[in-house]
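Student: So that we are looking at the same thing, I have put the structure below in C-alpha cells.
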Amino acid sequence: MLSMCDDKIDFDRKENNHYIVKLSDMKKAIKFLKESENYNFLLDITAVDYSKYKENHSKRFAIIYLLKNKDFDNLVILKAYLNEDEIIDSITDLYKSANWAEREVWDQYGLKFKNHPNLKRILNHKEFMGHPLRKDYPTTKGQLCTKTDDLMDEMVPKLKAKGYENHEDLMFLNLGPAHPASHGTIRNFVALEGETIISAVSEIGYLHRGFEKSCENHTYNQIIPYTDRLNYCSAILNNIAFAHTVEGMLGVELPERGQFIRVIIGELSRIIDHLVCLAANLVDMGALTNYWYLYNPRETAYTLLSKLTGARLTNSYMRIGGMTHDLYDGFEEDLKECIKDVEKGMDDSLSLIEHNRIFQDRSQNIGIVSGDDAINRGFSGPNLRASGVNYDVRKNNPYYFYDTFDFDVALGSVGDVYDRMMVRFEEIRQSIKIINQAMKKLPDGEINVSNHAISFPKKQNVYSNIEGLMNQFKLVMEGVKVPKGEYYRSIEAANGELGFYIISDGSGTPYKVKVRPPCFYAMSALGDMIEGEMIADAVLDLGSLNIIAGELDR
Amino acid sequence: MAVTGEEAIFGDSVITTKLDSAIAWARESSMWPYIFGTACCAIEFMSVASSKFDISRFGAEVVRFSPRQADLLIIAGTVSYKQAPILKRIYDQMTEPKWVVSAGACACSGGFYDNYTTLQGIDRIIPVDVYISGCPPRPEAFLEGLMQIQKLQAKPSKYLEKRSKRDFKGLLDA
Ligand code: SF4
C-alpha cells in the first residue's frame, strides 16, 4: 500500500477506493507517487459535477486522477473536491498525457488549471459558450459554429521554440479535417519547409457526439448501442468493456459460458479491427492490393456477425449481465471459415510486403516513440507494445479466464510504423490462437447472470406470464439499478486499454460516465511525432496509431 | 416498328438519340463521388467500395477527394456543429450539376445523438437529394441510394436548369 509522504499528505482517507486529497496537495501527491512509487502511467483525468447528486457534497466539483504503477498491476484513484473558482495545479510537466486531458476537463466542466501551456477547448468548437458536462447545461442545447480555428495560437509558440521568428519561408498546410488520409475527421496543421514538417499541431473534436452527456439520460442497457459507436471497427469490444464495468459495480460475474463467448467474439472483433487498420495503412502507402486482401475477410466476419447479432457493424450484442442470446447452430463452422479467410488474407498480404524493400523503407524508423515516452504519453495497446513495453490488460490484470489461455504478447523493439504494423499482424495470430482454445473449452450452460434485477427474462416468459412481463417492463423502464459508487474498470480493447469510469447514484441511469479512450492519448502525441519528417511519413504515422474518430472525440 | 432515318441506312452501327439522353447516360454511368465520411457509416462505405459489393458496377468507383472533381457528395457519418462549416465549404466548391446523398441516421437527422454537439440533419446546412436510412445503412442500401441518384440524373436538362436555380437557405447561409 501507499506509504505516507514526507509531510502531511493524508493518503489514508478513503472513500470508495478513492484517496481523497486536498486540492492544494494534489500535485505534490501525484509527484510523490510518480517519483517515489513509480506510478508513471497516467490513465486519465476527469471531473464530476455533484450539483444534482442525491447527497450533498460540500463542494460542487471533484477532480479525479487515475494512475497506474510501473508494473501496471495497481491502480490508484486520487480525488479532490473543489469549487468552480478554485484553480488546479497542472501536471503537464509530470505527464505529457495530461495536456489534452486537462484541456478536456476545462472544456467540459470549466475547471481551470494553473501553468497549463495552452488551456483551450478541445472537443467543442471555439465559439461554444458554457461547459456541456455541467449538470445545468441542457443536453440538447446546440450552438452553431461558423468559423474554424486557425490554430496559430498553438503554432506560433511551437515555431518560436524552434527558433523561427518569422514565418515567411514556411508554408502552412492543413491535413484534414476532410482529407483522404485523415482516417475520419482529424485535422493536422503543419508548417513546412519544402516537404519537411517543421512543426505540427492537431485539432480534434470534429466527431464529438456527446457520448458522455447522452449517457446521463439513458439507462445502462440503452447505453450499449452508444458504446458500439465509440470504436466502430470493433463494436463488440466496446460493448464488453462497458458491460464489464457495470457488472463490476453490481458485483456479479458472468457464468463461464458467457465469459467464453465474450472472449471468442471479443477476439474476433480485435482481429477485424486490426484488419481495417492494416488495410488502410497499406493503402496510404500505395499498396492498394493489400486492401482487398485484408478487407475482404471482414466481409466473412460481417456475415457471421449479422447471423449472430443481426447487424454487420454496430452489433450491440452485449447486455448488462450477459448478452442478447447464445451462439447459433453452425456457428463453429462459420467461425472456422472466417478464420481461414483471415489467415489467407494475412498470408497473401504478408507475402507482398514482408520482404519488400519499399515497404520496409517506408515504414522502418519512421515515427519512432521510445518506451518511456510512450508511457509518459499514455499510450496503450499495440502502440505501446510496439515501443517494447510489455503491458496487456489481458496479462497484467486478467479477466474472463485470459490467464488460462496460452498466448504471447507481441512486442516491438523500435516503436516505429513498422513495429506498430507488425505487432498488429502478430496479434491477429495470437487472437486466432485464443479463439481456437476457447472454442475447444467452451462449456455448456447459462450465458447470463441469473438475477431478475439484472438480466432480461426469456422472451417466452414475457409473452406467457405476468411475472415475466413485469420483469421485462421494469428493466426496460427503470433500467438495471446499480449500487451507489464510483468505479473504474478496463479491458484490453483493439486499440489499448479501454476503460469506463462510472458514477452511480443508485438509480437505473448513470450519474456520470467517462470513457478512457486509448486513441485520445495516442493522438495527442502525433504533432510531436511527425516533426522533422516528410508529409508522406506523417500520413503513415497517423494510420499506424489507428486513430478512430468515434473513440477519440466521443 | 420499321426502322427509319439514319438507322435504316447504317444498320446497327449507329444509334440515334436525343443529346439530353446521351449526356444523362454518360453522367449516370460515371459518377465521381466525394466521400464525406466522418464516422461508422464511412466504414460501411468501405465495404461498398470493396470487392463484394463493388461500387464500380455502377461506374462510381472513382472516389475523389477534391470537391472540384466530384459531382456526387456522399455524407456518411455524424456531422457535428464543429464540422458543419467544413461540409458547407465542400458543398459550395462543387460545380453544378451536383448531387447529395445523406447516408445513415446521423446525416439524415442526427440519429440517436440528440444532444448539444450534433447537427440534427445535414439538410439544415445543405440541400439533400436522397436520404438513406440505417445505422449504418447496409451496403445494398448505399447502392440503392446511388441508383436513386441515377434516376434523377436521367431527367431532362430543363429539370437540371431549374434545380440549379433552387433556393436553399441553410443555417450557415447568413
Ligand atoms: S448513422 Fe449510425 S452508423 Fe452511421 S454514423 Fe450515425 S451512429 Fe454511426
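As shown in the C-alpha cells, the chain order sets the letters A, B, ...; within each chain, residues go from 1, and ligands are also counted from 1 in the order they appear.
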What are the residues of chain A lining chain B at 7 Å or less? Count only C-alpha atoms, and put the answer as JSON, numbers by chain.
Tutor: {"A": [125, 139, 140, 141, 142, 143, 144, 145, 146, 147, 179, 180, 184, 185, 206, 207, 208, 209, 210, 214, 229, 232, 292, 549, 550]}
Student: Write out the residues from the selection above, keeping N, CA and C atoms, as a compact mmCIF listing (two decimals), in the first residue's frame.
Tutor:
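This went into part.txt:
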```txt
# COMPACT_ATOMS: atom_id res chain seq x y z
N HIS A 125 -16.31 23.42 -30.18
CA HIS A 125 -15.71 24.41 -31.06
C HIS A 125 -15.44 25.72 -30.34
N THR A 139 -29.06 19.25 -22.21
CA THR A 139 -28.50 18.25 -23.10
C THR A 139 -28.62 18.62 -24.57
N THR A 140 -29.77 19.20 -24.95
CA THR A 140 -29.99 19.39 -26.38
C THR A 140 -29.68 20.80 -26.87
N LYS A 141 -29.06 21.59 -26.05
CA LYS A 141 -28.80 22.96 -26.49
C LYS A 141 -27.57 23.03 -27.40
N GLY A 142 -27.82 23.00 -28.69
CA GLY A 142 -26.72 23.06 -29.65
C GLY A 142 -26.29 24.49 -29.90
N GLN A 143 -25.06 24.67 -30.35
CA GLN A 143 -24.58 26.01 -30.66
C GLN A 143 -23.89 25.99 -32.01
N LEU A 144 -24.29 26.90 -32.85
CA LEU A 144 -23.78 26.94 -34.20
C LEU A 144 -22.31 27.35 -34.22
N CYS A 145 -21.58 26.73 -35.12
CA CYS A 145 -20.18 27.11 -35.31
C CYS A 145 -20.07 27.70 -36.71
N THR A 146 -19.47 28.84 -36.84
CA THR A 146 -19.40 29.45 -38.17
C THR A 146 -17.98 29.46 -38.73
N LYS A 147 -17.01 29.42 -37.86
CA LYS A 147 -15.62 29.52 -38.34
C LYS A 147 -14.77 28.42 -37.73
N HIS A 179 -9.84 15.02 -45.37
CA HIS A 179 -8.68 14.63 -46.15
C HIS A 179 -8.68 13.10 -46.23
N PRO A 180 -8.35 12.55 -47.39
CA PRO A 180 -8.44 11.09 -47.52
C PRO A 180 -7.58 10.34 -46.51
N GLY A 184 -11.11 9.55 -41.03
CA GLY A 184 -12.17 10.15 -40.26
C GLY A 184 -11.96 11.65 -40.29
N THR A 185 -12.17 12.28 -39.18
CA THR A 185 -12.16 13.73 -39.22
C THR A 185 -11.20 14.28 -38.21
N TYR A 206 -13.92 17.04 -34.07
CA TYR A 206 -14.86 17.15 -35.17
C TYR A 206 -15.95 16.08 -35.12
N LEU A 207 -15.64 14.98 -34.46
CA LEU A 207 -16.67 13.96 -34.32
C LEU A 207 -17.13 13.85 -32.87
N HIS A 208 -17.03 14.94 -32.15
CA HIS A 208 -17.54 14.90 -30.78
C HIS A 208 -19.06 14.77 -30.85
N ARG A 209 -19.58 13.66 -30.30
CA ARG A 209 -21.01 13.40 -30.43
C ARG A 209 -21.72 13.38 -29.09
N GLY A 210 -21.05 13.87 -28.08
CA GLY A 210 -21.71 14.00 -26.79
C GLY A 210 -22.05 12.68 -26.13
N SER A 214 -24.93 12.06 -23.29
CA SER A 214 -26.06 11.21 -23.63
C SER A 214 -26.23 10.06 -22.64
N ARG A 229 -20.55 2.63 -31.04
CA ARG A 229 -20.12 3.67 -31.95
C ARG A 229 -18.92 4.45 -31.42
N TYR A 232 -15.94 1.99 -33.74
CA TYR A 232 -16.89 1.23 -34.55
C TYR A 232 -16.23 0.14 -35.40
N TRP A 292 -7.54 -5.11 -50.55
CA TRP A 292 -8.52 -6.15 -50.89
C TRP A 292 -8.24 -7.42 -50.11
N ALA A 549 -11.97 8.03 -34.99
CA ALA A 549 -12.52 9.30 -34.52
C ALA A 549 -13.65 9.13 -33.50
N GLY A 550 -14.44 8.09 -33.64
CA GLY A 550 -15.57 7.89 -32.73
C GLY A 550 -15.12 7.75 -31.29
```
Student: Name all residues at most 9 Å from stretch 452-467 of chain A (count only C-alpha atoms; drop same-chain ones fewer than 5 positions away) and give them as a CSV table (one decimal) with N, CA and C atoms, in the first residue's frame.
Tutor:
```csv
chain,number,residue,atom,x,y,z
A,250,LEU,N,-22.0,-4.0,-10.0
A,250,LEU,CA,-23.0,-4.8,-9.4
A,250,LEU,C,-22.5,-5.9,-8.6
A,319,ARG,N,-25.3,-7.3,-23.1
A,319,ARG,CA,-26.2,-6.6,-22.2
A,319,ARG,C,-25.5,-6.6,-20.8
A,320,ILE,N,-26.0,-5.8,-20.0
A,320,ILE,CA,-25.5,-5.8,-18.6
A,320,ILE,C,-25.9,-7.2,-18.1
A,321,GLY,N,-24.9,-7.9,-17.6
A,321,GLY,CA,-25.1,-9.3,-17.1
A,321,GLY,C,-25.2,-10.3,-18.1
A,322,GLY,N,-24.7,-10.1,-19.3
A,322,GLY,CA,-24.6,-11.2,-20.3
A,322,GLY,C,-24.7,-10.7,-21.7
A,323,MET,N,-25.5,-11.4,-22.5
A,323,MET,CA,-25.6,-11.0,-23.9
A,323,MET,C,-27.0,-11.3,-24.4
A,324,THR,N,-27.4,-10.8,-25.6
A,324,THR,CA,-28.8,-11.0,-26.0
A,324,THR,C,-29.2,-12.4,-26.2
A,472,GLN,N,-39.7,-7.7,-17.4
A,472,GLN,CA,-39.2,-7.0,-18.6
A,472,GLN,C,-39.5,-5.5,-18.5
A,474,LYS,N,-40.1,-3.5,-16.0
A,474,LYS,CA,-39.3,-2.8,-15.0
A,474,LYS,C,-37.9,-2.6,-15.5
A,475,LEU,N,-37.3,-3.6,-16.1
A,475,LEU,CA,-35.9,-3.5,-16.6
A,475,LEU,C,-35.8,-2.5,-17.7
A,476,VAL,N,-36.8,-2.4,-18.6
A,476,VAL,CA,-36.8,-1.5,-19.7
A,476,VAL,C,-37.0,-0.1,-19.2
A,479,GLY,N,-34.5,0.5,-15.8
A,479,GLY,CA,-33.1,0.1,-16.0
A,479,GLY,C,-32.6,-0.7,-14.9
A,480,VAL,N,-31.4,-1.3,-15.1
A,480,VAL,CA,-30.7,-2.0,-14.0
A,480,VAL,C,-30.3,-1.1,-12.9
A,481,LYS,N,-30.7,-1.3,-11.7
A,481,LYS,CA,-30.3,-0.4,-10.6
A,481,LYS,C,-28.9,-0.8,-10.2
```
Student: If we count only C-alpha atoms and set the cut-off at 9 Å, which residues sit around stretch 276-290 of chain A, ignoring sequence neighbours fewer than 2 positions away in its own chain? Please answer as a PyMOL selection string.
Tutor: (chain A and resi 180-181+183+233+271-274+292-295+298+345-346+348-350+352-353+359+362-363+421+424-425+536+539-547) or (chain B and resi 43)
Student: Any chance you could export the current selection's N, CA, C and O atoms as a compact mmCIF listing (two decimals), in the first residue's frame?
Tutor:
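For reference, again-v6.txt as written:
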```txt
# COMPACT_ATOMS: atom_id res chain seq x y z
N PRO A 180 -8.35 12.55 -47.39
CA PRO A 180 -8.44 11.09 -47.52
C PRO A 180 -7.58 10.34 -46.51
O PRO A 180 -7.93 9.25 -46.10
N ALA A 181 -6.47 10.92 -46.11
CA ALA A 181 -5.60 10.19 -45.21
C ALA A 181 -5.86 10.54 -43.76
O ALA A 181 -5.12 10.15 -42.88
N HIS A 183 -8.32 9.56 -41.95
CA HIS A 183 -9.00 8.47 -41.26
C HIS A 183 -10.13 8.98 -40.40
O HIS A 183 -10.11 8.87 -39.18
N CYS A 233 -14.91 0.06 -35.39
CA CYS A 233 -14.27 -1.03 -36.13
C CYS A 233 -14.32 -2.31 -35.32
O CYS A 233 -14.11 -3.40 -35.84
N ILE A 271 -9.53 -8.93 -34.19
CA ILE A 271 -8.96 -9.29 -35.48
C ILE A 271 -9.46 -8.35 -36.57
O ILE A 271 -8.68 -7.77 -37.33
N ILE A 272 -10.77 -8.15 -36.62
CA ILE A 272 -11.27 -7.33 -37.73
C ILE A 272 -10.90 -5.87 -37.55
O ILE A 272 -10.75 -5.14 -38.52
N ASP A 273 -10.69 -5.46 -36.33
CA ASP A 273 -10.23 -4.09 -36.11
C ASP A 273 -8.81 -3.92 -36.67
O ASP A 273 -8.52 -2.99 -37.42
N HIS A 274 -7.93 -4.86 -36.31
CA HIS A 274 -6.56 -4.78 -36.82
C HIS A 274 -6.55 -4.86 -38.35
O HIS A 274 -5.72 -4.23 -38.99
N TRP A 292 -7.54 -5.11 -50.55
CA TRP A 292 -8.52 -6.15 -50.89
C TRP A 292 -8.24 -7.42 -50.11
O TRP A 292 -9.14 -8.07 -49.61
N TYR A 293 -6.95 -7.77 -50.01
CA TYR A 293 -6.61 -9.00 -49.29
C TYR A 293 -7.06 -8.94 -47.83
O TYR A 293 -7.52 -9.92 -47.27
N LEU A 294 -6.86 -7.77 -47.22
CA LEU A 294 -7.13 -7.69 -45.79
C LEU A 294 -8.56 -7.30 -45.48
O LEU A 294 -9.11 -7.66 -44.45
N TYR A 295 -9.15 -6.53 -46.38
CA TYR A 295 -10.51 -6.06 -46.07
C TYR A 295 -11.55 -7.13 -46.36
O TYR A 295 -12.53 -7.27 -45.64
N ARG A 298 -13.04 -9.36 -43.76
CA ARG A 298 -14.02 -8.70 -42.89
C ARG A 298 -15.43 -9.01 -43.33
O ARG A 298 -16.33 -9.10 -42.51
N GLY A 345 -5.92 -14.08 -46.09
CA GLY A 345 -5.71 -12.66 -46.41
C GLY A 345 -4.40 -12.17 -45.84
O GLY A 345 -3.64 -11.45 -46.49
N MET A 346 -4.11 -12.61 -44.61
CA MET A 346 -2.90 -12.16 -43.96
C MET A 346 -1.66 -12.71 -44.67
O MET A 346 -0.69 -11.99 -44.90
N ASP A 348 -1.45 -13.68 -47.79
CA ASP A 348 -1.31 -13.02 -49.09
C ASP A 348 -0.66 -11.66 -48.93
O ASP A 348 0.25 -11.29 -49.67
N SER A 349 -1.16 -10.94 -47.96
CA SER A 349 -0.65 -9.59 -47.77
C SER A 349 0.81 -9.62 -47.32
O SER A 349 1.65 -8.89 -47.85
N LEU A 350 1.11 -10.50 -46.35
CA LEU A 350 2.48 -10.54 -45.86
C LEU A 350 3.45 -10.98 -46.94
O LEU A 350 4.59 -10.51 -47.00
N LEU A 352 3.35 -10.15 -49.85
CA LEU A 352 3.65 -8.97 -50.68
C LEU A 352 4.58 -7.98 -49.98
O LEU A 352 5.36 -7.29 -50.61
N ILE A 353 4.44 -7.88 -48.67
CA ILE A 353 5.15 -6.77 -48.02
C ILE A 353 6.32 -7.19 -47.13
O ILE A 353 7.27 -6.44 -46.97
N PHE A 359 8.32 -1.37 -48.83
CA PHE A 359 7.55 -1.35 -47.59
C PHE A 359 8.47 -1.07 -46.40
O PHE A 359 8.17 -0.24 -45.55
N ARG A 362 9.74 2.48 -46.29
CA ARG A 362 8.71 3.45 -45.95
C ARG A 362 8.31 3.40 -44.48
O ARG A 362 7.79 4.35 -43.94
N SER A 363 8.45 2.22 -43.87
CA SER A 363 7.88 2.09 -42.53
C SER A 363 8.92 2.01 -41.42
O SER A 363 8.63 2.35 -40.28
N MET A 421 2.77 -1.86 -37.09
CA MET A 421 2.01 -2.70 -38.02
C MET A 421 2.26 -4.18 -37.75
O MET A 421 1.34 -4.99 -37.72
N ARG A 424 0.51 -5.65 -34.87
CA ARG A 424 -0.91 -5.95 -35.15
C ARG A 424 -1.04 -7.25 -35.92
O ARG A 424 -1.93 -8.05 -35.64
N PHE A 425 -0.16 -7.45 -36.90
CA PHE A 425 -0.23 -8.74 -37.62
C PHE A 425 -0.08 -9.90 -36.64
O PHE A 425 -0.81 -10.88 -36.69
N ALA A 536 4.56 12.63 -46.36
CA ALA A 536 4.14 11.26 -46.66
C ALA A 536 4.30 10.35 -45.43
O ALA A 536 3.53 9.42 -45.23
N VAL A 539 1.45 10.82 -42.81
CA VAL A 539 0.25 10.07 -43.14
C VAL A 539 0.35 8.64 -42.58
O VAL A 539 -0.60 8.12 -42.01
N LEU A 540 1.53 8.06 -42.71
CA LEU A 540 1.70 6.70 -42.19
C LEU A 540 1.67 6.67 -40.67
O LEU A 540 1.13 5.75 -40.06
N ASP A 541 2.26 7.68 -40.05
CA ASP A 541 2.25 7.75 -38.59
C ASP A 541 0.82 7.74 -38.07
O ASP A 541 0.47 6.99 -37.16
N LEU A 542 0.02 8.58 -38.69
CA LEU A 542 -1.38 8.69 -38.24
C LEU A 542 -2.07 7.34 -38.41
O LEU A 542 -2.74 6.85 -37.50
N GLY A 543 -1.89 6.72 -39.57
CA GLY A 543 -2.54 5.44 -39.81
C GLY A 543 -2.06 4.36 -38.86
O GLY A 543 -2.84 3.54 -38.38
N SER A 544 -0.77 4.37 -38.55
CA SER A 544 -0.23 3.29 -37.73
C SER A 544 -0.68 3.40 -36.28
O SER A 544 -0.62 2.43 -35.53
N LEU A 545 -1.09 4.59 -35.86
CA LEU A 545 -1.59 4.72 -34.48
C LEU A 545 -3.03 4.23 -34.39
O LEU A 545 -3.57 4.06 -33.31
N ASN A 546 -3.65 4.01 -35.52
CA ASN A 546 -5.04 3.58 -35.62
C ASN A 546 -5.98 4.48 -34.83
O ASN A 546 -6.63 4.06 -33.87
N ILE A 547 -6.05 5.71 -35.26
CA ILE A 547 -6.95 6.66 -34.61
C ILE A 547 -8.36 6.46 -35.16
O ILE A 547 -8.58 6.57 -36.36
N ILE B 43 -17.23 3.40 -42.56
CA ILE B 43 -16.66 2.06 -42.57
C ILE B 43 -17.53 1.15 -43.45
O ILE B 43 -17.04 0.30 -44.19
```
Student: For the helix (DSSP H, G or I) assignment from backbone DSSP, which residues of stretch 118-221 of chain A qualify? Please present them as a ChimeraX atom specification.
Tutor: /A:152-161,180-182,211-215,220-221
Student: Which parts of stretch 20-165 of chain B does DSSP call strand (DSSP E) when run on the backbone here, written out as a list in words?
Tutor: Pro33, Tyr34, Ile35, Phe36, Gly37, Leu72, Leu73, Ile74, Ile75, Ala76, Trp99, Val100, Val101, Ser102, Ala103, Val130, Tyr131 and Ile132 of chain B
Student: Measuring atom to atom with only C-alpha atoms and all ligand atoms, identify which of A:Tyr317, A:Tyr402, A:Phe379, A:Tyr226 is nearest to ligand 1.
Tutor: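 Residue with the minimum atom-to-atom distance to ligand 1: A:Tyr226.
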Student: Enter the distance from atom CA of A:Lys484 to atom CA of A:Lys512, in Å, rounded to one decimal.
Tutor: 11.7 Å
Student: What is the distance between atom CA of A:Ala29 and atom CA of A:Leu67, in Å to one decimal?
Tutor: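 Separating atom CA of A:Ala29 from atom CA of A:Leu67 is a distance of 11.5 Å.
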Student: Please report the interatomic distance between atom 3 (S, counted along the ligand's line) of ligand 1 and atom CA of A:Ser234 in Å with one decimal.
Tutor: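 Those two atoms sit 12.7 Å apart.
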Student: Give the answer as one residue: which of A:Glu486, A:Asp372, A:Asp341, A:Asp406 has the shortest atom-to-atom distance to A:Asn436, using only C-alpha atoms?
Tutor: A:Asp406
Student: Considering only C-alpha atoms and all ligand atoms, state which residue in the set A:Pro510, A:Gly251, A:Pro225, A:Pro157 is at the smallest distance from ligand 1.
Tutor: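 The closest residue to ligand 1 is A:Pro225.
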Student: Taking only C-alpha atoms into account, which of B:Leu72, B:Ala24, B:Ala103, B:Leu19 comes nearest B:Pro139?
Tutor: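 With only C-alpha atoms as the atom set, the closest residue is B:Ala103.
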Student: Taking only C-alpha atoms and all ligand atoms into account, name the residue in B:Met94, B:Leu146, B:Val14, B:Ala76 that is nearest to ligand 1.
Tutor: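 Result for the nearest residue to ligand 1: B:Ala76.
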Student: Which residue out of B:Ile149, B:Val48, B:Ala105, B:Ile9 has the minimum interatomic distance to B:Asp129 when only C-alpha atoms are used?
Tutor: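 Checking each candidate against B:Asp129, we get B:Ile149 as the closest.
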Student: Set the distance at 12 Å and use only C-alpha atoms: which residues neighbour B:Glu96 once local chain neighbours fewer than 6 positions away are removed? I'd like the list as an NGL selection string.
Tutor: :B and (67-73 or 153 or 160-166)
Student: Can you write just those residues out, N, CA and C atoms, as a PDB file, in the first residue's frame?
Tutor:
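Final output, part_3.pdb:
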```pdb
ATOM      1  N   PRO B  67     -13.421  18.305 -53.974  1.00  0.00           N
ATOM      2  CA  PRO B  67     -14.802  18.628 -54.346  1.00  0.00           C
ATOM      3  C   PRO B  67     -14.901  19.163 -55.768  1.00  0.00           C
ATOM      4  N   ARG B  68     -13.802  19.736 -56.261  1.00  0.00           N
ATOM      5  CA  ARG B  68     -13.869  20.316 -57.595  1.00  0.00           C
ATOM      6  C   ARG B  68     -13.883  19.248 -58.679  1.00  0.00           C
ATOM      7  N   GLN B  69     -13.553  18.037 -58.318  1.00  0.00           N
ATOM      8  CA  GLN B  69     -13.555  16.967 -59.312  1.00  0.00           C
ATOM      9  C   GLN B  69     -14.723  16.017 -59.111  1.00  0.00           C
ATOM     10  N   ALA B  70     -15.614  16.346 -58.205  1.00  0.00           N
ATOM     11  CA  ALA B  70     -16.657  15.385 -57.884  1.00  0.00           C
ATOM     12  C   ALA B  70     -18.029  15.955 -58.216  1.00  0.00           C
ATOM     13  N   ASP B  71     -18.948  15.071 -58.572  1.00  0.00           N
ATOM     14  CA  ASP B  71     -20.310  15.551 -58.794  1.00  0.00           C
ATOM     15  C   ASP B  71     -21.307  14.935 -57.822  1.00  0.00           C
ATOM     16  N   LEU B  72     -20.836  13.992 -57.026  1.00  0.00           N
ATOM     17  CA  LEU B  72     -21.732  13.357 -56.066  1.00  0.00           C
ATOM     18  C   LEU B  72     -21.121  13.455 -54.674  1.00  0.00           C
ATOM     19  N   LEU B  73     -21.839  14.064 -53.766  1.00  0.00           N
ATOM     20  CA  LEU B  73     -21.333  14.192 -52.398  1.00  0.00           C
ATOM     21  C   LEU B  73     -22.081  13.188 -51.529  1.00  0.00           C
ATOM     22  N   GLN B 153     -30.606  11.843 -62.362  1.00  0.00           N
ATOM     23  CA  GLN B 153     -29.704  12.336 -63.401  1.00  0.00           C
ATOM     24  C   GLN B 153     -30.262  12.111 -64.794  1.00  0.00           C
ATOM     25  N   LEU B 160     -32.701  20.016 -64.732  1.00  0.00           N
ATOM     26  CA  LEU B 160     -31.412  20.405 -64.157  1.00  0.00           C
ATOM     27  C   LEU B 160     -31.290  21.919 -64.039  1.00  0.00           C
ATOM     28  N   GLU B 161     -31.754  22.585 -65.068  1.00  0.00           N
ATOM     29  CA  GLU B 161     -31.665  24.037 -65.047  1.00  0.00           C
ATOM     30  C   GLU B 161     -32.438  24.607 -63.859  1.00  0.00           C
ATOM     31  N   LYS B 162     -33.651  24.073 -63.723  1.00  0.00           N
ATOM     32  CA  LYS B 162     -34.484  24.550 -62.632  1.00  0.00           C
ATOM     33  C   LYS B 162     -33.838  24.246 -61.282  1.00  0.00           C
ATOM     34  N   ARG B 163     -33.272  23.051 -61.242  1.00  0.00           N
ATOM     35  CA  ARG B 163     -32.678  22.582 -59.998  1.00  0.00           C
ATOM     36  C   ARG B 163     -31.507  23.468 -59.572  1.00  0.00           C
ATOM     37  N   SER B 164     -30.710  23.865 -60.558  1.00  0.00           N
ATOM     38  CA  SER B 164     -29.532  24.655 -60.193  1.00  0.00           C
ATOM     39  C   SER B 164     -29.939  26.040 -59.679  1.00  0.00           C
ATOM     40  N   LYS B 165     -31.160  26.446 -60.003  1.00  0.00           N
ATOM     41  CA  LYS B 165     -31.581  27.770 -59.518  1.00  0.00           C
ATOM     42  C   LYS B 165     -32.360  27.672 -58.207  1.00  0.00           C
ATOM     43  N   ARG B 166     -32.442  26.480 -57.670  1.00  0.00           N
ATOM     44  CA  ARG B 166     -33.294  26.324 -56.486  1.00  0.00           C
ATOM     45  C   ARG B 166     -32.787  27.195 -55.338  1.00  0.00           C
TER      46      ARG B 166
END
```
Student: Determine, counting only C-alpha atoms, which protein, DNA and RNA residues have an atom within 9 Å of an atom of A:Lys68; residues of the same chain fewer than 6 positions away are not included. Present the result as a list of chain:residue names.
Tutor: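 Within the cut-off, the hits are A:Asn38, A:Tyr39, A:Asn40, A:Phe41, A:Leu42, A:Leu43, A:Asn74, A:Leu75, A:Val76, A:Ile77.
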Student: Could those selected residues go to a file with N, CA and C atoms, as an mmCIF file, in the first residue's frame?
Tutor:
```
data_model
loop_
_atom_site.group_PDB
_atom_site.id
_atom_site.type_symbol
_atom_site.label_atom_id
_atom_site.label_comp_id
_atom_site.auth_asym_id
_atom_site.auth_seq_id
_atom_site.Cartn_x
_atom_site.Cartn_y
_atom_site.Cartn_z
ATOM 1 N N ASN A 38 6.816 5.025 -8.357
ATOM 2 C CA ASN A 38 6.803 4.585 -9.755
ATOM 3 C C ASN A 38 5.430 4.517 -10.402
ATOM 4 N N TYR A 39 4.560 5.409 -10.011
ATOM 5 C CA TYR A 39 3.290 5.488 -10.731
ATOM 6 C C TYR A 39 3.502 6.396 -11.947
ATOM 7 N N ASN A 40 4.064 5.808 -12.995
ATOM 8 C CA ASN A 40 4.439 6.686 -14.116
ATOM 9 C C ASN A 40 3.477 6.613 -15.302
ATOM 10 N N PHE A 41 2.334 6.000 -15.090
ATOM 11 C CA PHE A 41 1.364 5.907 -16.174
ATOM 12 C C PHE A 41 0.083 6.616 -15.749
ATOM 13 N N LEU A 42 -0.163 7.761 -16.354
ATOM 14 C CA LEU A 42 -1.400 8.486 -16.054
ATOM 15 C C LEU A 42 -2.477 7.966 -16.986
ATOM 16 N N LEU A 43 -3.471 7.310 -16.384
ATOM 17 C CA LEU A 43 -4.514 6.715 -17.216
ATOM 18 C C LEU A 43 -5.472 7.760 -17.740
ATOM 19 N N ASN A 74 -1.326 -2.086 -10.421
ATOM 20 C CA ASN A 74 -2.010 -1.403 -9.338
ATOM 21 C C ASN A 74 -2.562 -0.065 -9.804
ATOM 22 N N LEU A 75 -3.817 0.149 -9.506
ATOM 23 C CA LEU A 75 -4.472 1.387 -9.923
ATOM 24 C C LEU A 75 -4.711 2.251 -8.698
ATOM 25 N N VAL A 76 -4.374 3.509 -8.814
ATOM 26 C CA VAL A 76 -4.672 4.428 -7.726
ATOM 27 C C VAL A 76 -5.576 5.532 -8.253
ATOM 28 N N ILE A 77 -6.625 5.816 -7.515
ATOM 29 C CA ILE A 77 -7.502 6.906 -7.919
ATOM 30 C C ILE A 77 -7.431 8.003 -6.870
#
```
